[in-house]
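Participant: Please find one structure pasted underneath; my questions will follow.
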Amino acid sequence: MLRARYPYLLPVAGFSILAGTAFVIPPYFVYLATSGVITAIVVRALGVVTGQAGLISLCHMAFAAIGAWVVSWLGIYAPQVPFIVALMAGGGAGMAAGIAVGLPALRLRGLNLAAITLTFAVAVDAILTTTGFPGNELVLAFHPQYPFSDGRIFLVFCMMLWAGTVVGLAVLSRTRTGGSWAALNYSERATAAAGISVAKAKLTAFSTSAAIAGMAGGLIAAQLGVITASNFSPLYSLSVFALSVFVGGRFWEGAILAGLLSVAVPELLRLFGLPLDLEALVVTAGAVDALRKGSSLAGSFRRGLATRAQKKMSDISRPGQMSREAANRAEDAIAGLEIDNAEPCNKKTILELADLTVRYGEVIAVDRVSLRLRAHTVMGLIGPNGAGKSTIVDAVTGFLPNATGKIKLDSNDIGDAAAFRRAKAGIRRTFQQGRAIPELTVGQYLRLSADLSVADKQIDSILAYLECPPAGTPIEHVEIGLRRVIEIGACLASRPRVLLLDEPAAGLSADQSRRLAEHIAKIPSLFGCSVLLVEHDMDLVRFACDEITVLNFGTVIAVGCPDEVLKQPHVVEAYLGGIS
Ligand SMILES: Nc1ncnc2c1ncn2[C@@H]1O[C@H](COP(=O)(O)OP(=O)(O)OP(=O)(O)O)[C@@H](O)[C@H]1O
């Protein structure tokens, strides 16, 4: 009861008790606790890149080193600069380095990105080993001004920064920027299709993370007084990466565990007279185990809690999709949205393809295809497997830069625009393999895709219309078929001009598929956009489409209204295998 009324009471009380212990524990423990908290900050920062955005960074201690250099330089040569300002400058320097490293990451992933970031760590180490840190040449130690010179107060300050980092990142994770990291982690193609710049998502992840690491480096400089390159060596970057993978640096509890392990394991090894190098072995074994299981310690812990909560919920009421009655009511609500859905009397062409051609080496997947999608219509794009339907969707949405021919939206040639720009211009799509981001709730996912201020009411109306689960449902709890309908909702939330649906009924029951057909048929009148529908379910196509285009071997073999076209002998022969 108390917890529900004052949700911040428990964390604030816990933090205050922990901060209070800083004033009663022996000085050596104060030192250890400070080291642990700083490690927790670095690991949480790294969790943004590795955990949230799904990228690799093997140079986070280099970002910390750059921050430490700036803070110690200001502390020694400009002591009048307040320590907090110096820390912010250290964070800024880390951020600049993060952007510099993030730029090559725009085109790289996996092993190549690992190599680039490790090379950066080695380069920074080589420079700092040669030049040293400020004050090294004069054997000057850096001491921050009072009150930060008091170890106990400094520990509390570090704890406050840790709490600020956790809260700040939690808030950021709920914004479009944080959502773009989750999208990036899940699929670069889905990120671009949602109108999000993949480059921006990568750069914001690297720069945010590096800024926090740079600030943490400043804390290390203030704690140690005298620092050398060995405090930030590439090996240290590697071990922080392994630690983050092991514990789950993207989660606050994972980062706390990292801080605890980083001080407790060496202390225990020392106690038992064992070599300190064993720490690296323990962390590496943990990281390998986490990679094998596909889940970190904190990740497994959270999954366990979520499964228990889900079980409890389904005992009370099974979460599912909304009712058909709700869908009917939602139509009225959508009609109340400010959407320009007035049907143009001449049904002008909204999307035009002229001589679109796509080759994969020797294979001509799409061969000089021309078609016109008129405003306020649903056009089916059908054909046998391998006919080139998905290739056309990929080409129109900007995922095939080698496509030739013209692609025009509202008479404007968009053939050279990047995928995310086409999405922003109003061309939205779903994928044959579902791309709804499991880490988000249904509502967060719609909001991320919308890229405009969408009221909760609008999100709820769209979800109700498509008979999807309510906005608060985590996508990972939604069955696979319905996730694909949620993707349609996300596209509609962005108020597209053209919606391309690639086999949206795959994974749905016959009843769900029939209802989806009804919903798709009404999309033009309710949302004011046109639909290009790729589908093998002929009942759905017949019901939802105003006209269809039939492809075979990459070329158009028929265009017209469904009942007429599906009767044509060459269409039956090519595609339907005798079923008409
Ligand atoms: N990445 C690729 N590399 C080489 N060939 C490809 C690639 N993607 C598609 N193709 C080929 O291009 C042709 C068209 O494929 P596409 O996936 O567009 O067909 P489709 O009509 O969507 O089929 P389906 O109904 O099975 O999804 C096929 O011959 C396919 O093998």
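In the structure tokens, chains take the letters A, B, ... in the order shown, each chain's residues start at 1, and ligands count up from 1 in the order shown.
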Could you list, with a cut-off of 12 Å and counting only C-alpha atoms, the residues of stretch 232-325 of chain A near stretch 36-42 of chain A, each shown with its nearest atom pair and the distance in Å rounded to one decimal, rows sorted by chain and ascending number, as CSV?

Facilitator:
residue,atom,partner,partner_atom,distance
A:Phe232,CA,A:Val42,CA,11.8
A:Tyr236,CA,A:Thr39,CA,11.1
A:Ser237,CA,A:Val42,CA,10.1
A:Ser239,CA,A:Thr39,CA,11.3
A:Val240,CA,A:Val42,CA,8.0
A:Phe241,CA,A:Val42,CA,9.8
A:Leu243,CA,A:Thr39,CA,10.0
A:Ser244,CA,A:Val42,CA,9.2
A:Val247,CA,A:Ala40,CA,10.7
A:Gly248,CA,A:Ala40,CA,11.1
A:Gly249,CA,A:Ala40,CA,8.3
A:Arg250,CA,A:Ala40,CA,10.8
A:Phe251,CA,A:Ala40,CA,10.5
A:Trp252,CA,A:Ala40,CA,8.4
A:Glu253,CA,A:Ala40,CA,9.3
A:Gly254,CA,A:Ala40,CA,8.4
A:Ala255,CA,A:Ala40,CA,4.7
A:Ile256,CA,A:Ala40,CA,5.4
A:Leu257,CA,A:Ala40,CA,7.7
A:Ala258,CA,A:Ala40,CA,5.9
A:Gly259,CA,A:Gly36,CA,4.0
A:Leu260,CA,A:Gly36,CA,5.8
A:Leu261,CA,A:Gly36,CA,8.0
A:Ser262,CA,A:Gly36,CA,6.3
A:Val263,CA,A:Gly36,CA,5.9
A:Ala264,CA,A:Gly36,CA,8.8
A:Val265,CA,A:Gly36,CA,11.2
A:Pro266,CA,A:Gly36,CA,11.7

Participant: Produce as a ChimeraX atom specification the set of residues near ligand 1, where near means within 6 Å with only C-alpha atoms and all ligand atoms considered.

Facilitator: /A:360,365,384-391

Participant: Rounded to one decimal place, report the atom CA of A:Ser197-atom CA of A:Lys424 distance in Å.

Facilitator: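 Computing it gives 9.8 Å between the two atoms.
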
Participant: Skip A:Thr208 itself and residues of its chain fewer than 3 positions away, then list as a PyMOL selection string all residues within 12 Å of it, counting only C-alpha atoms.

Facilitator: chain A and resi 42+44-49+52-53+60+63+91-99+102+165+168-169+172-173+177-178+181+200-205+211-215

Participant: At a cut-off of 10 Å, using only C-alpha atoms, what residues contact stretch 292-295 of chain A? Leave out same-chain residues fewer than 5 positions from it and give the result as a list of chain:residue names.

Facilitator: A:Val245, A:Phe246, A:Val247, A:Gly248, A:Gly286, A:Ala287, A:Ser300, A:Phe301, A:Arg303

Participant: Mind writing the picked residues with C-alpha atoms as a PDB file, in the first residue's frame?

Facilitator:
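Once everything was written out, this is result_36.pdb:
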ATOM      1  CA  VAL A 245      28.494  -9.202 -20.737  1.00  0.00           C
ATOM      2  CA  PHE A 246      28.659 -11.469 -17.663  1.00  0.00           C
ATOM      3  CA  VAL A 247      26.529  -9.380 -15.304  1.00  0.00           C
ATOM      4  CA  GLY A 248      24.368  -7.440 -17.780  1.00  0.00           C
ATOM      5  CA  GLY A 286      31.161 -15.865 -16.676  1.00  0.00           C
ATOM      6  CA  ALA A 287      31.043 -13.931 -19.969  1.00  0.00           C
ATOM      7  CA  SER A 300      18.207 -14.072 -16.293  1.00  0.00           C
ATOM      8  CA  PHE A 301      17.100 -12.601 -12.975  1.00  0.00           C
ATOM      9  CA  ARG A 303      13.379 -12.850 -17.004  1.00  0.00           C
TER      10      ARG A 303
END

Participant: For A:Val534, list every protein, DNA or RNA residue within 8 Å, evaluated using only C-alpha atoms, and leave out those in the same chain fewer than 2 positions away; present the list as a list in words.

Facilitator: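 Returned residues: Gly380, Leu381, Ile382, Lys389, Ser390, Leu500, Leu501, Asp502, Glu503, Pro504, Leu532 and His536 of chain A.
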